[in-house]
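Raw contents of data.cif, mmCIF, C-alpha atoms:
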```
data_coords
#
loop_
_atom_site.label_atom_id
_atom_site.label_comp_id
_atom_site.auth_asym_id
_atom_site.auth_seq_id
_atom_site.Cartn_x
_atom_site.Cartn_y
_atom_site.Cartn_z
CA MET L 1 -64.54 132.95 -12.44
CA GLN L 2 -65.25 134.26 -15.94
CA SER L 3 -64.38 130.83 -17.32
CA LYS L 4 -67.20 129.26 -15.31
CA TRP L 5 -69.90 131.94 -15.03
CA ASP L 6 -71.24 134.77 -17.16
CA ILE L 7 -70.17 137.85 -15.20
CA SER L 8 -69.33 141.49 -15.82
CA ASP L 9 -65.91 142.80 -14.81
CA LEU L 10 -66.36 146.24 -13.21
CA GLY L 11 -62.73 146.49 -12.06
CA PRO L 12 -61.20 145.85 -8.65
CA ALA L 13 -63.69 146.15 -5.80
CA LYS L 14 -62.86 148.76 -3.17
CA PHE L 15 -65.88 148.70 -0.88
CA GLY L 16 -68.87 146.45 -0.32
CA LEU L 17 -71.37 145.74 2.46
CA GLY L 18 -69.47 147.93 4.90
CA ILE L 19 -66.15 146.23 4.20
CA ALA L 20 -63.21 148.13 2.72
CA ILE L 21 -60.99 146.13 0.33
CA GLU L 22 -57.37 147.05 -0.30
CA ARG L 23 -54.87 145.22 -2.48
CA GLU L 24 -51.10 145.18 -2.20
CA GLY L 25 -49.18 142.66 -4.24
CA ASN L 26 -50.62 139.21 -3.63
CA ALA L 27 -52.42 140.25 -0.44
CA ILE L 28 -55.90 141.60 0.20
CA SER L 29 -56.81 143.52 3.38
CA LEU L 30 -60.40 143.64 4.64
CA SER L 31 -61.42 146.23 7.23
CA GLN L 32 -64.59 147.86 8.59
CA THR L 33 -63.26 151.18 9.88
CA SER L 34 -66.09 153.32 8.49
CA PHE L 35 -68.75 150.87 9.68
CA ILE L 36 -67.28 150.90 13.19
CA ASP L 37 -67.23 154.71 13.13
CA ARG L 38 -70.94 154.72 12.34
CA LEU L 39 -71.60 152.34 15.23
CA ILE L 40 -69.62 154.54 17.61
CA GLU L 41 -71.70 157.56 16.62
CA ARG L 42 -75.00 155.67 16.56
CA PHE L 43 -74.62 154.28 20.09
CA GLY L 44 -73.24 157.48 21.61
CA GLN L 45 -69.63 156.45 22.23
CA THR L 46 -67.93 159.31 20.38
CA ASP L 47 -66.27 160.59 23.56
CA ALA L 48 -65.70 157.17 25.17
CA HIS L 49 -62.21 155.96 25.98
CA PRO L 50 -60.98 152.90 24.02
CA THR L 51 -60.32 149.66 25.91
CA ASP L 52 -57.46 147.21 25.46
CA THR L 53 -59.58 144.04 25.49
CA PRO L 54 -63.11 143.30 24.28
CA MET L 55 -64.13 141.70 27.62
CA VAL L 56 -62.81 141.62 31.16
CA ALA L 57 -60.83 138.42 31.72
CA GLY L 58 -62.77 135.85 33.72
CA LEU L 59 -66.05 137.78 33.55
CA GLN L 60 -69.04 135.50 34.20
CA LEU L 61 -72.31 136.74 32.71
CA ARG L 62 -75.51 135.22 34.11
CA GLN L 63 -79.15 135.25 33.15
CA PRO L 64 -81.44 136.91 35.70
CA ASP L 65 -83.47 134.68 37.97
CA LYS L 66 -86.87 134.48 36.26
CA SER L 67 -88.57 133.58 39.55
CA ILE L 68 -87.81 137.08 40.86
CA PRO L 69 -90.09 139.85 39.52
CA VAL L 70 -88.29 142.35 37.33
CA ASP L 71 -88.05 145.85 38.69
CA PRO L 72 -90.33 148.19 36.69
CA GLU L 73 -87.46 150.62 36.27
CA VAL L 74 -85.34 147.87 34.67
CA THR L 75 -88.22 146.93 32.38
CA GLU L 76 -88.63 150.54 31.30
CA TRP L 77 -84.87 150.87 30.79
CA ALA L 78 -84.77 147.70 28.65
CA SER L 79 -87.62 148.95 26.45
CA ARG L 80 -85.59 151.99 25.40
CA THR L 81 -82.15 150.37 25.26
CA PRO L 82 -81.08 149.18 21.76
CA TYR L 83 -79.28 146.09 23.05
CA ARG L 84 -80.39 143.80 20.21
CA GLU L 85 -79.41 146.36 17.59
CA LEU L 86 -75.94 146.72 19.10
CA ILE L 87 -75.36 142.96 19.37
CA GLY L 88 -76.56 142.45 15.78
CA SER L 89 -74.15 145.11 14.52
CA LEU L 90 -71.26 143.71 16.55
CA ASN L 91 -72.05 140.24 15.27
CA TYR L 92 -71.72 141.45 11.67
CA VAL L 93 -68.28 142.87 12.48
CA ALA L 94 -67.27 139.62 14.21
CA VAL L 95 -68.43 137.45 11.31
CA ALA L 96 -66.95 139.62 8.55
CA THR L 97 -63.46 140.69 9.63
CA ARG L 98 -62.89 140.55 13.40
CA PRO L 99 -62.49 137.11 14.95
CA ASP L 100 -61.02 138.75 18.07
CA ILE L 101 -64.50 139.75 19.28
CA ALA L 102 -66.28 136.51 18.31
CA TYR L 103 -66.24 135.08 21.84
CA ALA L 104 -67.51 138.25 23.51
CA VAL L 105 -70.31 138.75 20.99
CA GLY L 106 -71.32 135.08 21.23
CA ARG L 107 -71.70 135.32 25.00
CA LEU L 108 -73.64 138.59 24.82
CA ALA L 109 -75.99 137.13 22.20
CA SER L 110 -77.25 134.68 24.85
CA PHE L 111 -79.11 137.50 26.62
CA LEU L 112 -81.14 139.07 23.84
CA ASP L 113 -84.43 138.40 25.67
CA CYS L 114 -83.23 138.99 29.24
CA PHE L 115 -80.45 141.58 29.12
CA GLN L 116 -79.60 143.63 32.17
CA PRO L 117 -77.49 146.78 32.68
CA GLU L 118 -74.35 144.67 33.18
CA HIS L 119 -74.87 143.03 29.79
CA TRP L 120 -75.31 146.43 28.15
CA ALA L 121 -72.14 147.73 29.81
CA THR L 122 -70.21 144.69 28.56
CA ALA L 123 -71.51 145.23 25.01
CA ILE L 124 -70.45 148.88 25.15
CA ARG L 125 -66.99 147.75 26.23
CA VAL L 126 -66.75 145.63 23.06
CA LEU L 127 -67.65 148.71 21.03
CA CYS L 128 -65.01 150.76 22.87
CA TYR L 129 -62.48 148.05 22.08
CA LEU L 130 -63.38 148.31 18.40
CA LYS L 131 -62.99 152.08 18.67
CA GLY L 132 -59.35 151.64 19.68
CA THR L 133 -58.66 148.95 17.07
CA LYS L 134 -60.88 150.07 14.19
CA THR L 135 -57.96 150.25 11.75
CA LEU L 136 -57.05 146.56 12.16
CA SER L 137 -57.43 144.57 8.96
CA LEU L 138 -57.92 140.94 8.08
CA VAL L 139 -55.08 140.18 5.68
CA LEU L 140 -55.47 137.34 3.18
CA GLY L 141 -52.84 136.06 0.78
CA GLY L 142 -49.24 137.14 0.71
CA THR L 143 -46.03 135.32 -0.10
CA THR L 144 -46.47 132.37 2.30
CA PRO L 145 -47.42 129.15 0.47
CA PRO L 146 -51.10 128.46 1.18
CA SER L 147 -51.81 125.49 3.41
CA LEU L 148 -54.91 124.81 5.49
CA VAL L 149 -54.29 124.63 9.25
CA GLY L 150 -56.88 124.43 12.04
CA TYR L 151 -56.84 125.38 15.71
CA SER L 152 -59.34 124.19 18.31
CA ASP L 153 -60.02 125.15 21.93
CA ALA L 154 -62.74 124.95 24.57
CA ASP L 155 -63.61 126.75 27.81
CA TYR L 156 -64.93 124.07 30.16
CA ALA L 157 -68.36 124.79 31.74
CA ASN L 158 -68.09 128.47 30.86
CA CYS L 159 -71.86 129.05 30.86
CA LYS L 160 -72.92 128.93 34.51
CA ASP L 161 -76.62 128.90 33.60
CA THR L 162 -76.46 125.71 31.50
CA SER L 163 -73.07 124.21 32.54
CA ARG L 164 -72.17 124.05 28.86
CA SER L 165 -68.69 124.71 27.52
CA ILE L 166 -67.73 127.16 24.78
CA SER L 167 -66.03 125.79 21.65
CA GLY L 168 -63.78 127.89 19.48
CA HIS L 169 -61.90 127.20 16.26
CA CYS L 170 -60.14 129.02 13.46
CA PHE L 171 -58.54 128.01 10.18
CA SER L 172 -55.73 129.76 8.35
CA LEU L 173 -54.80 129.43 4.71
CA GLY L 174 -51.25 130.64 4.39
CA THR L 175 -51.00 133.90 6.31
CA GLY L 176 -54.70 134.77 6.69
CA THR L 177 -57.52 133.45 8.84
CA ILE L 178 -60.38 132.38 6.58
CA SER L 179 -62.79 130.73 9.03
CA TRP L 180 -63.50 131.16 12.75
CA CYS L 181 -66.23 130.44 15.24
CA SER L 182 -67.04 130.71 18.96
CA ARG L 183 -70.14 128.76 19.96
CA LYS L 184 -71.75 127.18 23.02
CA GLN L 185 -71.64 123.39 22.85
CA GLN L 186 -74.90 121.48 22.48
CA LEU L 187 -73.91 118.87 25.06
CA VAL L 188 -72.95 119.20 28.72
CA ALA L 189 -69.38 117.92 29.06
CA ASP L 190 -68.37 116.43 32.40
CA SER L 191 -64.64 117.03 32.04
CA THR L 192 -62.16 119.33 30.37
CA CYS L 193 -61.02 116.44 28.15
CA TYR L 194 -64.58 115.84 26.94
CA ALA L 195 -65.16 119.55 26.26
CA GLU L 196 -61.94 119.77 24.24
CA TYR L 197 -62.81 116.56 22.38
CA ILE L 198 -66.24 117.94 21.43
CA ALA L 199 -64.53 121.12 20.19
CA LEU L 200 -62.17 119.00 18.06
CA HIS L 201 -65.15 117.09 16.68
CA GLU L 202 -66.87 120.33 15.64
CA THR L 203 -63.63 121.64 14.16
CA THR L 204 -63.32 118.57 11.91
CA HIS L 205 -66.76 119.39 10.46
CA GLU L 206 -65.46 122.78 9.37
CA ALA L 207 -62.25 121.21 8.03
CA ILE L 208 -64.24 118.84 5.83
CA PHE L 209 -66.39 121.71 4.56
CA LEU L 210 -63.34 123.84 3.74
CA HIS L 211 -61.78 120.93 1.85
CA GLN L 212 -64.94 120.60 -0.22
CA LEU L 213 -65.09 124.37 -0.81
CA LEU L 214 -61.47 124.59 -1.92
CA ASP L 215 -61.94 121.57 -4.20
CA ALA L 216 -64.92 123.32 -5.83
CA LEU L 217 -62.71 126.36 -6.41
CA ASP L 218 -60.10 124.19 -8.18
CA PHE L 219 -57.73 124.67 -5.25
CA PRO L 220 -57.55 121.19 -3.72
CA CYS L 221 -55.76 120.65 -0.41
CA ARG L 222 -52.85 118.26 -0.71
CA GLY L 223 -52.56 115.82 2.17
CA SER L 224 -54.24 116.03 5.54
CA THR L 225 -55.08 119.18 7.47
CA PRO L 226 -53.39 119.44 10.89
CA LEU L 227 -55.63 120.37 13.83
CA TYR L 228 -53.94 121.87 16.88
CA CYS L 229 -55.33 121.40 20.38
CA ASP L 230 -53.81 122.48 23.72
CA ASN L 231 -55.28 119.65 25.80
CA ASP L 232 -53.05 116.59 26.18
CA ALA L 233 -55.87 114.25 27.25
CA ALA L 234 -58.03 115.14 24.24
CA ALA L 235 -55.05 114.79 21.90
CA ARG L 236 -54.20 111.33 23.26
CA LEU L 237 -57.85 110.28 23.05
CA ALA L 238 -57.99 111.39 19.39
CA GLU L 239 -54.90 109.33 18.57
CA ASP L 240 -55.81 106.21 20.59
CA HIS L 241 -59.01 104.42 19.58
CA VAL L 242 -58.94 101.98 22.51
CA SER L 243 -61.91 102.48 24.86
CA HIS L 244 -60.59 103.59 28.24
CA PRO L 245 -62.71 103.18 31.37
CA GLN L 246 -62.80 106.94 31.92
CA VAL L 247 -64.21 107.73 28.46
CA LYS L 248 -66.63 104.89 27.78
CA HIS L 249 -69.42 107.44 27.35
CA ILE L 250 -67.58 109.12 24.45
CA GLN L 251 -68.29 107.48 21.10
#
```
As structure tokens, how would this structure be written, given the file I've shared?
Amino acid sequence: MQSKWDISDLGPAKFGLGIAIEREGNAISLSQTSFIDRLIERFGQTDAHPTDTPMVAGLQLRQPDKSIPVDPEVTEWASRTPYRELIGSLNYVAVATRPDIAYAVGRLASFLDCFQPEHWATAIRVLCYLKGTKTLSLVLGGTTPPSLVGYSDADYANCKDTSRSISGHCFSLGTGTISWCSRKQQLVADSTCYAEYIALHETTHEAIFLHQLLDALDFPCRGSTPLYCDNDAAARLAEDHVSHPQVKHIQ
């Protein structure tokens, strides 16, 4: 970096923006233990019991019916509940070092303007999960030869309010995960194959960007980047460019 920019070397960084940095050999560990501790105290979960998972499996969160008047007690409760502050803080943790809560935080972020007590309880569960796993670190580097590998998945029609699917992807470089995302798809897929294919399409965008980023850092990727998908129909469709009657609507 000093060969390309005029910078000052202040020694190895140990802490920055709520992220602790530890070095051991060729590996760097990133963690947010102290930041999570502050969140636990700020949102009154000091005495709460940790949970094993960030969200209950199969939980379906819905937006309230806007045609039904909101109970005044719920409105008063929402005005004094720091739901947006909690989701914003959890989102920073998910983006920085904890891909394991990316899906849960992404779903909860859909209710910032219409949250209900069940949404708040689900957000608190994510915080309790972080309480039990606050010492987990994101490890980058190590002895494994670095190679870019991508993984893609989709949850078909997960959002019951919009019938949209949820896409997820992550990329590893050697032993560490360097990029991840969980996001609602912009289109309404009419099959599991289509939802998985859209997720693969979005994952290739990130793969191209990472190739360009690594090239700019003088660390070019040799050869192609494998993308793994657990849907046979989407995998066959990606490999076969012949237009099948069932997928004529997919360009």
Residue nearest Thr135 in chain L among L:Met1, L:Phe35, L:Leu173, L:Val247 (counting only C-alpha atoms): L:Phe35
Decode the PyMOL selection byres ((chain L and resi 65) around 12) for the given file into explicit residues and return them as number ranges by chain. L: 62-64, 66-70, 114-116, 161
Using all atoms listed in the file, which residue out of L:Ala104, L:Leu90, L:Leu140, L:Val126 lies closest to Ser29 in chain L?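 Among the listed residues, the smallest separation from Ser29 in chain L belongs to L:Leu140.
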Going by the chain IDs and residue numbers used in this file, which residues fall under the PyMOL selection byres ((chain L and resi 49) around 10)? Write them as JSON, numbers by chain. {"L": [45, 46, 47, 48, 50, 51, 52, 125, 128, 129, 131, 132]}
Determine the residue set returned by the PyMOL selection byres ((chain L and resi 87) around 8) for the present structure, and present it as a VMD selection string. chain L and resid 83 to 86 88 to 91 105 108 to 109 123
CA of Thr81 in chain L to CA of Thr53 in chain L: how many Å, to one decimal?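 CA of Thr53 in chain L lies at a distance of 23.4 Å from CA of Thr81 in chain L.
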By how many Å are CA of Asp190 in chain L and CA of Leu237 in chain L apart?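 We find that CA of Asp190 in chain L and CA of Leu237 in chain L lie 15.4 Å from each other.
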Quick one, how far is CA of Asn158 in chain L from CA of Ala94 in chain L?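 If I compute the distance from CA of Asn158 in chain L to CA of Ala94 in chain L, I get 20.1 Å.
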Take the point (-60.6, 118.5, 21.1) as written in the file and pick out every residue within 10 Å of it, counting only C-alpha atoms; give the list as JSON, numbers by chain. {"L": [151, 152, 153, 154, 167, 192, 193, 194, 195, 196, 197, 198, 199, 200, 201, 202, 203, 204, 227, 228, 229, 230, 231, 232, 233, 234, 235, 236, 237, 238]}
Nearest to Ser34 in chain L among L:Val93, L:Cys181, L:Cys170, L:Ala78, with distances taken over all atoms listed in the file: which residue is it? L:Val93
Hey, can I get the axis-aligned box for range 216-224 of chain L? All listed atoms, 4 Å padding on each side, centre and edge lengths in Å to one decimal, as AutoDock Vina command-line options.
```
--center_x -58.7 --center_y 121.1 --center_z -1.3 --size_x 20.4 --size_y 18.5 --size_z 21.7
```
Selected residue of minimal separation from Pro145 in chain L among L:Thr33, L:Asn26, L:Thr133, L:Ser165, counting all atoms listed in the file: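 Of L:Thr33, L:Asn26, L:Thr133, L:Ser165, the one nearest Pro145 in chain L, counting all atoms listed in the file, is L:Asn26.
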Closest to Thr162 in chain L among L:Asp113, L:Leu61, L:Thr177, L:Pro99, using only C-alpha atoms? L:Leu61
Can you pull out every residue within 9 Å of Pro117 in chain L, counting all atoms listed in the file, but drop anything in the same chain fewer than 4 positions away, and send it as a list in words?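 Answer for this query is Val74, Trp77, Ala78, Ala121 and Thr122 of chain L.
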With distances taken over only C-alpha atoms, which residue among L:Ile36, L:Ile208, L:Val188, L:Leu30 lies nearest Leu148 in chain L? L:Ile208
Write out as a tab-separated table (two decimals) with C-alpha atoms, keeping the file's coordinate frame each polymer residue whose atoms come within 10 Å of Leu210 in chain L, counting only C-alpha atoms; drop sequence neighbours fewer than 3 positions from it.
```
chain	number	residue	atom	x	y	z
L	148	LEU	CA	-54.91	124.81	5.49
L	171	PHE	CA	-58.54	128.01	10.18
L	178	ILE	CA	-60.38	132.38	6.58
L	179	SER	CA	-62.79	130.73	9.03
L	204	THR	CA	-63.32	118.57	11.91
L	205	HIS	CA	-66.76	119.39	10.46
L	206	GLU	CA	-65.46	122.78	9.37
L	207	ALA	CA	-62.25	121.21	8.03
L	213	LEU	CA	-65.09	124.37	-0.81
L	214	LEU	CA	-61.47	124.59	-1.92
L	215	ASP	CA	-61.94	121.57	-4.20
L	216	ALA	CA	-64.92	123.32	-5.83
L	220	PRO	CA	-57.55	121.19	-3.72
L	221	CYS	CA	-55.76	120.65	-0.41
```
Tell me, as a short mmCIF file (atom, residue, chain, number, x, y, z; two decimals) with C-alpha atoms, keeping the file's coordinate frame, which residues lie within 10 Å of Leu17 in chain L, counting all atoms listed in the file; anything in the same chain fewer than 3 positions away does not count.
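Listed below is the output, result17.cif:
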```cif
data_model
loop_
_atom_site.label_atom_id
_atom_site.label_comp_id
_atom_site.auth_asym_id
_atom_site.auth_seq_id
_atom_site.Cartn_x
_atom_site.Cartn_y
_atom_site.Cartn_z
CA ALA L 20 -63.21 148.13 2.72
CA GLN L 32 -64.59 147.86 8.59
CA PHE L 35 -68.75 150.87 9.68
CA ALA L 96 -66.95 139.62 8.55
#
```
